[in-house]
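One structure is given here, and the rest of the page talks about it.
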Amino acid sequence: MLKRLANKLVMYHAVQSHLDRNKSMWTSVPAMATTINDFELLLAEIENYIQLTSGNKKGIAQQKATQQGLVIAHAYELSSLLYAMAIKKNDAILAAKVDFTETDLLKMRDDNLVTTCRNILEFATEHLAGLIAYEVTSDELIVLKEEINRFAENLTTGRVSVSERKAANEKLKIVFLQVDALLKKQLDRIMVRYRKTEPDFYTTYQNLRRIINYGVRHEKTKAPLI
(Lines give C-alpha, C1' and ligand atoms only; values in the text may rest on other atoms or scores of the structure.)
Protein backbone atom coordinates (compact mmCIF):
# COMPACT_ATOMS: atom_id res chain seq x y z
CA MET A 1 0.00 0.00 0.00
CA LEU A 2 1.22 3.51 -0.84
CA LYS A 3 2.67 5.49 2.07
CA ARG A 4 0.17 8.32 1.66
CA LEU A 5 -2.70 5.82 1.93
CA ALA A 6 -1.09 4.18 4.95
CA ASN A 7 -0.91 7.60 6.64
CA LYS A 8 -4.56 8.22 5.80
CA LEU A 9 -5.47 4.89 7.36
CA VAL A 10 -3.68 5.89 10.57
CA MET A 11 -5.86 9.01 10.64
CA TYR A 12 -9.03 6.99 9.96
CA HIS A 13 -8.31 4.65 12.89
CA ALA A 14 -7.50 7.55 15.20
CA VAL A 15 -10.84 9.16 14.35
CA GLN A 16 -12.63 5.83 14.81
CA SER A 17 -11.06 5.34 18.26
CA HIS A 18 -12.06 8.86 19.31
CA LEU A 19 -15.64 8.26 18.23
CA ASP A 20 -15.73 4.89 20.02
CA ARG A 21 -14.52 6.49 23.25
CA ASN A 22 -17.30 9.07 23.06
CA LYS A 23 -20.30 7.01 21.98
CA SER A 24 -22.51 8.60 24.59
CA MET A 25 -22.31 11.87 22.68
CA TRP A 26 -23.68 10.62 19.39
CA THR A 27 -25.53 7.29 19.69
CA SER A 28 -28.82 9.14 20.26
CA VAL A 29 -28.35 11.17 17.06
CA PRO A 30 -29.64 8.95 14.19
CA ALA A 31 -27.85 10.79 11.36
CA MET A 32 -24.55 10.75 13.27
CA ALA A 33 -24.91 7.07 14.18
CA THR A 34 -25.72 6.10 10.59
CA THR A 35 -22.77 8.05 9.20
CA ILE A 36 -20.34 6.54 11.71
CA ASN A 37 -21.68 3.08 10.94
CA ASP A 38 -21.06 3.69 7.22
CA PHE A 39 -17.56 4.92 8.09
CA GLU A 40 -16.79 1.75 10.06
CA LEU A 41 -18.13 -0.50 7.29
CA LEU A 42 -15.81 1.21 4.80
CA LEU A 43 -12.87 0.77 7.19
CA ALA A 44 -13.64 -2.94 7.42
CA GLU A 45 -13.71 -3.08 3.63
CA ILE A 46 -10.29 -1.40 3.48
CA GLU A 47 -8.85 -3.95 5.91
CA ASN A 48 -10.18 -6.80 3.76
CA TYR A 49 -8.59 -5.37 0.62
CA ILE A 50 -5.31 -4.76 2.44
CA GLN A 51 -5.26 -8.43 3.42
CA LEU A 52 -5.81 -9.40 -0.21
CA THR A 53 -3.17 -7.01 -1.56
CA SER A 54 -0.52 -8.04 0.92
CA GLY A 55 -1.15 -11.75 0.44
CA ASN A 56 1.48 -14.31 1.45
CA LYS A 57 3.96 -13.68 -1.34
CA LYS A 58 6.83 -15.15 0.65
CA GLY A 59 4.88 -18.33 1.37
CA ILE A 60 3.93 -18.76 -2.30
CA ALA A 61 7.54 -18.22 -3.41
CA GLN A 62 8.87 -20.72 -0.87
CA GLN A 63 6.30 -23.33 -1.86
CA LYS A 64 7.14 -22.86 -5.53
CA ALA A 65 10.89 -23.16 -4.88
CA THR A 66 10.40 -26.37 -2.90
CA GLN A 67 8.22 -27.96 -5.57
CA GLN A 68 10.54 -26.81 -8.34
CA GLY A 69 13.51 -28.39 -6.55
CA LEU A 70 11.70 -31.72 -6.20
CA VAL A 71 10.61 -31.77 -9.84
CA ILE A 72 14.04 -30.85 -11.19
CA ALA A 73 15.91 -33.36 -9.02
CA HIS A 74 13.55 -36.20 -9.90
CA ALA A 75 13.28 -35.35 -13.62
CA TYR A 76 17.07 -34.96 -13.92
CA GLU A 77 17.64 -38.34 -12.29
CA LEU A 78 15.16 -40.00 -14.63
CA SER A 79 16.49 -38.25 -17.74
CA SER A 80 20.03 -39.33 -16.82
CA LEU A 81 18.95 -42.97 -16.62
CA LEU A 82 17.07 -42.64 -19.91
CA TYR A 83 20.16 -41.11 -21.52
CA ALA A 84 22.39 -43.93 -20.25
CA MET A 85 19.93 -46.54 -21.50
CA ALA A 86 19.63 -44.82 -24.89
CA ILE A 87 23.42 -44.71 -25.32
CA LYS A 88 23.68 -48.41 -24.42
CA LYS A 89 21.04 -49.19 -27.06
CA ASN A 90 22.56 -46.83 -29.63
CA ASP A 91 19.33 -44.85 -29.69
CA ALA A 92 20.74 -41.46 -30.64
CA ILE A 93 17.30 -39.87 -31.09
CA LEU A 94 16.13 -40.72 -27.57
CA ALA A 95 19.51 -39.73 -26.13
CA ALA A 96 19.23 -36.29 -27.71
CA LYS A 97 15.70 -35.82 -26.37
CA VAL A 98 16.67 -36.50 -22.75
CA ASP A 99 20.16 -34.99 -22.69
CA PHE A 100 19.72 -32.37 -19.94
CA THR A 101 21.86 -31.17 -17.08
CA GLU A 102 20.40 -29.88 -13.83
CA THR A 103 21.56 -26.43 -14.85
CA ASP A 104 19.59 -26.73 -18.10
CA LEU A 105 16.45 -27.46 -16.11
CA LEU A 106 17.09 -24.71 -13.56
CA LYS A 107 17.47 -22.08 -16.29
CA MET A 108 14.17 -22.95 -17.96
CA ARG A 109 11.11 -20.74 -17.67
CA ASP A 110 8.44 -22.30 -15.49
CA ASP A 111 6.11 -23.32 -18.33
CA ASN A 112 8.99 -24.78 -20.34
CA LEU A 113 10.17 -26.71 -17.29
CA VAL A 114 6.73 -28.28 -16.84
CA THR A 115 6.59 -29.26 -20.51
CA THR A 116 10.12 -30.68 -20.47
CA CYS A 117 9.53 -32.71 -17.31
CA ARG A 118 6.30 -34.10 -18.72
CA ASN A 119 8.17 -35.12 -21.87
CA ILE A 120 10.79 -36.90 -19.76
CA LEU A 121 7.99 -38.64 -17.87
CA GLU A 122 6.39 -39.69 -21.15
CA PHE A 123 9.68 -41.11 -22.48
CA ALA A 124 10.22 -42.98 -19.19
CA THR A 125 6.72 -44.45 -19.35
CA GLU A 126 7.27 -45.50 -22.95
CA HIS A 127 10.60 -47.16 -22.12
CA LEU A 128 9.72 -48.46 -18.65
CA ALA A 129 10.57 -52.05 -19.60
CA GLY A 130 14.14 -51.03 -20.41
CA LEU A 131 14.43 -48.89 -17.28
CA ILE A 132 13.63 -51.80 -14.96
CA ALA A 133 17.32 -52.72 -15.13
CA TYR A 134 18.04 -49.27 -13.64
CA GLU A 135 15.54 -49.95 -10.80
CA VAL A 136 12.94 -47.53 -12.15
CA THR A 137 9.39 -48.55 -11.20
CA SER A 138 5.93 -47.48 -12.31
CA ASP A 139 5.29 -46.15 -8.80
CA GLU A 140 8.24 -43.80 -9.21
CA LEU A 141 6.74 -42.44 -12.41
CA ILE A 142 3.43 -41.86 -10.63
CA VAL A 143 5.26 -39.87 -7.94
CA LEU A 144 6.98 -37.71 -10.56
CA LYS A 145 3.69 -37.09 -12.32
CA GLU A 146 2.13 -35.89 -9.06
CA GLU A 147 5.14 -33.65 -8.35
CA ILE A 148 4.91 -32.06 -11.80
CA ASN A 149 1.16 -31.51 -11.43
CA ARG A 150 1.57 -29.87 -8.02
CA PHE A 151 4.25 -27.56 -9.39
CA ALA A 152 2.08 -26.64 -12.39
CA GLU A 153 -0.93 -25.98 -10.12
CA ASN A 154 1.21 -23.74 -7.91
CA LEU A 155 2.13 -21.63 -10.95
CA THR A 156 -1.56 -21.15 -11.71
CA THR A 157 -2.28 -20.23 -8.09
CA GLY A 158 0.49 -17.65 -8.21
CA ARG A 159 -0.96 -16.03 -11.32
CA VAL A 160 -4.45 -15.91 -9.84
CA SER A 161 -3.05 -14.40 -6.66
CA VAL A 162 -1.29 -11.65 -8.60
CA SER A 163 -4.47 -10.96 -10.56
CA GLU A 164 -6.55 -10.80 -7.38
CA ARG A 165 -4.05 -8.49 -5.71
CA LYS A 166 -4.10 -6.14 -8.70
CA ALA A 167 -7.91 -5.96 -8.64
CA ALA A 168 -7.94 -5.45 -4.87
CA ASN A 169 -5.43 -2.60 -5.18
CA GLU A 170 -7.73 -0.80 -7.60
CA LYS A 171 -10.74 -1.33 -5.34
CA LEU A 172 -8.72 -0.20 -2.34
CA LYS A 173 -8.08 3.20 -3.94
CA ILE A 174 -11.80 3.59 -4.62
CA VAL A 175 -12.76 2.82 -1.01
CA PHE A 176 -10.23 5.37 0.27
CA LEU A 177 -11.92 7.98 -1.92
CA GLN A 178 -15.31 6.94 -0.51
CA VAL A 179 -14.06 7.33 3.06
CA ASP A 180 -12.56 10.75 2.28
CA ALA A 181 -15.86 11.89 0.80
CA LEU A 182 -17.87 10.56 3.74
CA LEU A 183 -15.65 12.34 6.26
CA LYS A 184 -15.37 15.62 4.40
CA LYS A 185 -18.94 15.95 3.12
CA GLN A 186 -20.85 14.35 5.99
CA LEU A 187 -19.11 13.65 9.28
CA ASP A 188 -17.05 16.87 9.34
CA ARG A 189 -20.22 18.88 8.75
CA ILE A 190 -22.23 17.01 11.40
CA MET A 191 -19.43 17.52 13.92
CA VAL A 192 -19.85 21.30 13.66
CA ARG A 193 -22.89 20.93 15.89
CA TYR A 194 -20.58 19.91 18.75
CA ARG A 195 -18.32 22.93 18.41
CA LYS A 196 -20.08 24.83 21.21
CA THR A 197 -21.86 22.09 23.13
CA GLU A 198 -18.87 19.70 23.38
CA PRO A 199 -15.78 21.76 22.47
CA ASP A 200 -13.22 19.18 23.70
CA PHE A 201 -14.87 16.41 21.69
CA TYR A 202 -14.99 18.64 18.61
CA THR A 203 -11.42 19.99 18.92
CA THR A 204 -9.92 16.54 19.40
CA TYR A 205 -11.81 15.32 16.35
CA GLN A 206 -10.46 18.22 14.28
CA ASN A 207 -6.90 17.52 15.41
CA LEU A 208 -7.18 13.81 14.64
CA ARG A 209 -8.52 14.56 11.17
CA ARG A 210 -5.16 15.99 10.16
CA ILE A 211 -2.90 13.52 8.40
CA ILE A 212 0.63 13.11 9.75
CA ASN A 213 2.99 12.05 6.99
CA TYR A 214 4.94 9.39 8.84
CA GLY A 215 8.18 8.47 7.11
CA VAL A 216 8.14 11.64 5.00
CA ARG A 217 10.25 14.71 5.71
CA HIS A 218 8.24 17.89 5.68
CA GLU A 219 8.24 21.45 6.97
CA LYS A 220 6.55 22.11 10.28
CA THR A 221 3.34 23.47 8.83
CA LYS A 222 -0.20 22.73 9.89
CA ALA A 223 -1.49 19.69 8.05
CA PRO A 224 -4.70 20.24 6.07
CA LEU A 225 -7.92 18.40 6.70
CA ILE A 226 -8.39 15.66 4.11
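Following the order of the C-alpha coordinates, chains are lettered A, B, ..., residues in each are numbered from 1, and ligands are numbered from 1.
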- Item | Contact residues around Ala33 of chain A with only C-alpha atoms at 12 Å, ignoring same-chain residues under 5 positions, as a PyMOL selection string | chain A and resi 19-20+22-28+38-40+186-187+190-191
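Put simply, atom CA of His13 of chain A is 24.8 Å away from atom CA of Lys196 of chain A.
Near segment 44-51 of chain A, within a cut-off of 7 Å and counting only C-alpha atoms, sit the residues Glu40, Gly55, Ala168, Leu172 and Val175 of chain A, with same-chain residues fewer than 4 positions away left out.
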Given the selection you just returned, output its residues as a file containing N, CA, C and O atoms, formatted as a tab-separated table (two decimals), in the first residue's frame.
```
chain	number	residue	atom	x	y	z
A	40	GLU	N	-17.41	2.97	9.54
A	40	GLU	CA	-16.79	1.75	10.06
A	40	GLU	C	-16.89	0.59	9.06
A	40	GLU	O	-15.98	-0.24	8.97
A	55	GLY	N	-1.28	-10.35	0.78
A	55	GLY	CA	-1.15	-11.75	0.44
A	55	GLY	C	0.01	-12.39	1.19
A	55	GLY	O	0.65	-11.79	2.05
A	168	ALA	N	-7.71	-5.96	-6.22
A	168	ALA	CA	-7.94	-5.45	-4.87
A	168	ALA	C	-7.29	-4.10	-4.68
A	168	ALA	O	-7.83	-3.22	-4.00
A	172	LEU	N	-9.18	-0.85	-3.56
A	172	LEU	CA	-8.72	-0.20	-2.34
A	172	LEU	C	-8.67	1.32	-2.52
A	172	LEU	O	-9.10	2.08	-1.65
A	175	VAL	N	-12.18	2.75	-2.35
A	175	VAL	CA	-12.76	2.82	-1.01
A	175	VAL	C	-12.15	3.97	-0.21
A	175	VAL	O	-12.84	4.65	0.56
```
If we count only C-alpha atoms and set the cut-off at 9 Å, which residues sit around segment 143-149 of chain A, ignoring sequence neighbours fewer than 2 positions away in its own chain? Please answer as a PDB file with N, CA and C atoms, in the first residue's frame.
```pdb
ATOM      1  N   GLN A  67       8.771 -27.064  -4.553  1.00  0.00           N
ATOM      2  CA  GLN A  67       8.218 -27.958  -5.570  1.00  0.00           C
ATOM      3  C   GLN A  67       9.102 -27.999  -6.807  1.00  0.00           C
ATOM      4  N   GLN A  68       9.655 -26.865  -7.185  1.00  0.00           N
ATOM      5  CA  GLN A  68      10.544 -26.813  -8.344  1.00  0.00           C
ATOM      6  C   GLN A  68      11.777 -27.675  -8.099  1.00  0.00           C
ATOM      7  N   LEU A  70      12.065 -30.306  -6.142  1.00  0.00           N
ATOM      8  CA  LEU A  70      11.696 -31.722  -6.200  1.00  0.00           C
ATOM      9  C   LEU A  70      11.541 -32.196  -7.645  1.00  0.00           C
ATOM     10  N   VAL A  71      10.853 -31.397  -8.433  1.00  0.00           N
ATOM     11  CA  VAL A  71      10.611 -31.770  -9.835  1.00  0.00           C
ATOM     12  C   VAL A  71      11.918 -31.863 -10.608  1.00  0.00           C
ATOM     13  N   HIS A  74      14.114 -34.917  -9.478  1.00  0.00           N
ATOM     14  CA  HIS A  74      13.555 -36.201  -9.904  1.00  0.00           C
ATOM     15  C   HIS A  74      13.611 -36.356 -11.431  1.00  0.00           C
ATOM     16  N   ALA A  75      13.261 -35.290 -12.150  1.00  0.00           N
ATOM     17  CA  ALA A  75      13.281 -35.350 -13.616  1.00  0.00           C
ATOM     18  C   ALA A  75      14.709 -35.513 -14.137  1.00  0.00           C
ATOM     19  N   VAL A 114       7.854 -27.334 -16.974  1.00  0.00           N
ATOM     20  CA  VAL A 114       6.734 -28.275 -16.841  1.00  0.00           C
ATOM     21  C   VAL A 114       6.620 -29.148 -18.086  1.00  0.00           C
ATOM     22  N   CYS A 117       9.630 -31.627 -18.299  1.00  0.00           N
ATOM     23  CA  CYS A 117       9.529 -32.712 -17.315  1.00  0.00           C
ATOM     24  C   CYS A 117       8.432 -33.702 -17.696  1.00  0.00           C
ATOM     25  N   ARG A 118       7.364 -33.189 -18.261  1.00  0.00           N
ATOM     26  CA  ARG A 118       6.298 -34.096 -18.718  1.00  0.00           C
ATOM     27  C   ARG A 118       6.762 -34.935 -19.900  1.00  0.00           C
ATOM     28  N   LEU A 121       8.887 -37.645 -18.472  1.00  0.00           N
ATOM     29  CA  LEU A 121       7.995 -38.639 -17.872  1.00  0.00           C
ATOM     30  C   LEU A 121       7.372 -39.529 -18.950  1.00  0.00           C
ATOM     31  N   SER A 138       7.104 -48.253 -11.914  1.00  0.00           N
ATOM     32  CA  SER A 138       5.925 -47.480 -12.313  1.00  0.00           C
ATOM     33  C   SER A 138       5.471 -46.559 -11.185  1.00  0.00           C
ATOM     34  N   ASP A 139       5.663 -46.995  -9.941  1.00  0.00           N
ATOM     35  CA  ASP A 139       5.295 -46.150  -8.797  1.00  0.00           C
ATOM     36  C   ASP A 139       6.121 -44.867  -8.784  1.00  0.00           C
ATOM     37  N   GLU A 140       7.371 -44.980  -9.160  1.00  0.00           N
ATOM     38  CA  GLU A 140       8.239 -43.803  -9.210  1.00  0.00           C
ATOM     39  C   GLU A 140       7.741 -42.804 -10.249  1.00  0.00           C
ATOM     40  N   LEU A 141       7.258 -43.312 -11.356  1.00  0.00           N
ATOM     41  CA  LEU A 141       6.740 -42.438 -12.413  1.00  0.00           C
ATOM     42  C   LEU A 141       5.452 -41.744 -11.954  1.00  0.00           C
ATOM     43  N   PHE A 151       3.462 -28.735  -9.008  1.00  0.00           N
ATOM     44  CA  PHE A 151       4.253 -27.559  -9.393  1.00  0.00           C
ATOM     45  C   PHE A 151       3.474 -26.701 -10.396  1.00  0.00           C
ATOM     46  N   ALA A 152       2.849 -27.362 -11.374  1.00  0.00           N
ATOM     47  CA  ALA A 152       2.075 -26.644 -12.388  1.00  0.00           C
ATOM     48  C   ALA A 152       0.879 -25.926 -11.756  1.00  0.00           C
ATOM     49  N   GLU A 153       0.223 -26.588 -10.801  1.00  0.00           N
ATOM     50  CA  GLU A 153      -0.926 -25.978 -10.122  1.00  0.00           C
ATOM     51  C   GLU A 153      -0.491 -24.772  -9.304  1.00  0.00           C
ATOM     52  N   ASN A 154       0.689 -24.858  -8.704  1.00  0.00           N
ATOM     53  CA  ASN A 154       1.214 -23.744  -7.914  1.00  0.00           C
ATOM     54  C   ASN A 154       1.466 -22.523  -8.787  1.00  0.00           C
TER      55      ASN A 154
END
```
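Here atom CA of Ile72 of chain A and atom CA of Leu105 of chain A stand 6.4 Å from one another.
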- Task: Enumerate as number ranges by chain all residues of segment 11-58 of chain A assigned to alpha helix (DSSP H) by DSSP on the backbone, naming them with the chain letters and numbers the document uses.
- Result: A: 11-21, 30-54, 57-58
Could you name the residues that touch Tyr76 of chain A at 10 Å or less, counting only C-alpha atoms, but leaving out those on the same chain fewer than 2 positions away, as an mmCIF file with N, CA and C atoms, in the first residue's frame?
```
data_model
loop_
_atom_site.group_PDB
_atom_site.id
_atom_site.type_symbol
_atom_site.label_atom_id
_atom_site.label_comp_id
_atom_site.auth_asym_id
_atom_site.auth_seq_id
_atom_site.Cartn_x
_atom_site.Cartn_y
_atom_site.Cartn_z
ATOM 1 N N LEU A 70 12.065 -30.306 -6.142
ATOM 2 C CA LEU A 70 11.696 -31.722 -6.200
ATOM 3 C C LEU A 70 11.541 -32.196 -7.645
ATOM 4 N N VAL A 71 10.853 -31.397 -8.433
ATOM 5 C CA VAL A 71 10.611 -31.770 -9.835
ATOM 6 C C VAL A 71 11.918 -31.863 -10.608
ATOM 7 N N ILE A 72 12.768 -30.869 -10.449
ATOM 8 C CA ILE A 72 14.036 -30.852 -11.195
ATOM 9 C C ILE A 72 14.920 -32.029 -10.791
ATOM 10 N N ALA A 73 15.043 -32.262 -9.484
ATOM 11 C CA ALA A 73 15.906 -33.360 -9.015
ATOM 12 C C ALA A 73 15.427 -34.704 -9.542
ATOM 13 N N HIS A 74 14.114 -34.917 -9.478
ATOM 14 C CA HIS A 74 13.555 -36.201 -9.904
ATOM 15 C C HIS A 74 13.611 -36.356 -11.431
ATOM 16 N N LEU A 78 15.811 -39.120 -13.663
ATOM 17 C CA LEU A 78 15.160 -40.005 -14.632
ATOM 18 C C LEU A 78 15.716 -39.781 -16.041
ATOM 19 N N SER A 79 15.945 -38.531 -16.410
ATOM 20 C CA SER A 79 16.486 -38.252 -17.741
ATOM 21 C C SER A 79 17.905 -38.797 -17.883
ATOM 22 N N SER A 80 18.664 -38.785 -16.789
ATOM 23 C CA SER A 80 20.026 -39.330 -16.823
ATOM 24 C C SER A 80 20.014 -40.835 -17.073
ATOM 25 N N LEU A 81 19.082 -41.526 -16.414
ATOM 26 C CA LEU A 81 18.953 -42.973 -16.620
ATOM 27 C C LEU A 81 18.483 -43.283 -18.039
ATOM 28 N N LEU A 82 17.541 -42.473 -18.531
ATOM 29 C CA LEU A 82 17.069 -42.643 -19.906
ATOM 30 C C LEU A 82 18.209 -42.431 -20.894
ATOM 31 N N VAL A 98 16.625 -36.509 -24.230
ATOM 32 C CA VAL A 98 16.674 -36.501 -22.753
ATOM 33 C C VAL A 98 18.026 -36.029 -22.223
ATOM 34 N N ASP A 99 18.816 -35.437 -23.082
ATOM 35 C CA ASP A 99 20.157 -34.990 -22.686
ATOM 36 C C ASP A 99 20.089 -33.615 -22.012
ATOM 37 N N PHE A 100 19.807 -33.610 -20.706
ATOM 38 C CA PHE A 100 19.720 -32.369 -19.940
ATOM 39 C C PHE A 100 20.635 -32.425 -18.727
ATOM 40 N N THR A 101 21.163 -31.284 -18.349
ATOM 41 C CA THR A 101 21.858 -31.168 -17.075
ATOM 42 C C THR A 101 20.899 -30.504 -16.088
ATOM 43 N N GLU A 102 21.239 -30.553 -14.815
ATOM 44 C CA GLU A 102 20.396 -29.877 -13.828
ATOM 45 C C GLU A 102 20.361 -28.371 -14.086
ATOM 46 N N THR A 103 21.497 -27.860 -14.541
ATOM 47 C CA THR A 103 21.565 -26.430 -14.845
ATOM 48 C C THR A 103 20.612 -26.070 -15.976
ATOM 49 N N ASP A 104 20.531 -26.950 -16.981
ATOM 50 C CA ASP A 104 19.594 -26.725 -18.101
ATOM 51 C C ASP A 104 18.172 -26.574 -17.564
ATOM 52 N N LEU A 105 17.802 -27.465 -16.655
ATOM 53 C CA LEU A 105 16.451 -27.456 -16.113
ATOM 54 C C LEU A 105 16.213 -26.230 -15.226
ATOM 55 N N CYS A 117 9.630 -31.627 -18.299
ATOM 56 C CA CYS A 117 9.529 -32.712 -17.315
ATOM 57 C C CYS A 117 8.432 -33.702 -17.696
ATOM 58 N N ILE A 120 9.894 -35.897 -20.358
ATOM 59 C CA ILE A 120 10.787 -36.897 -19.756
ATOM 60 C C ILE A 120 9.959 -38.023 -19.148
#
```
- Task: Could you tell me which of A:Ala133, A:Met108, A:Ala181, A:Leu43 comes closest to Ala84 of chain A if we count only C-alpha atoms?
- Result: A:Ala133
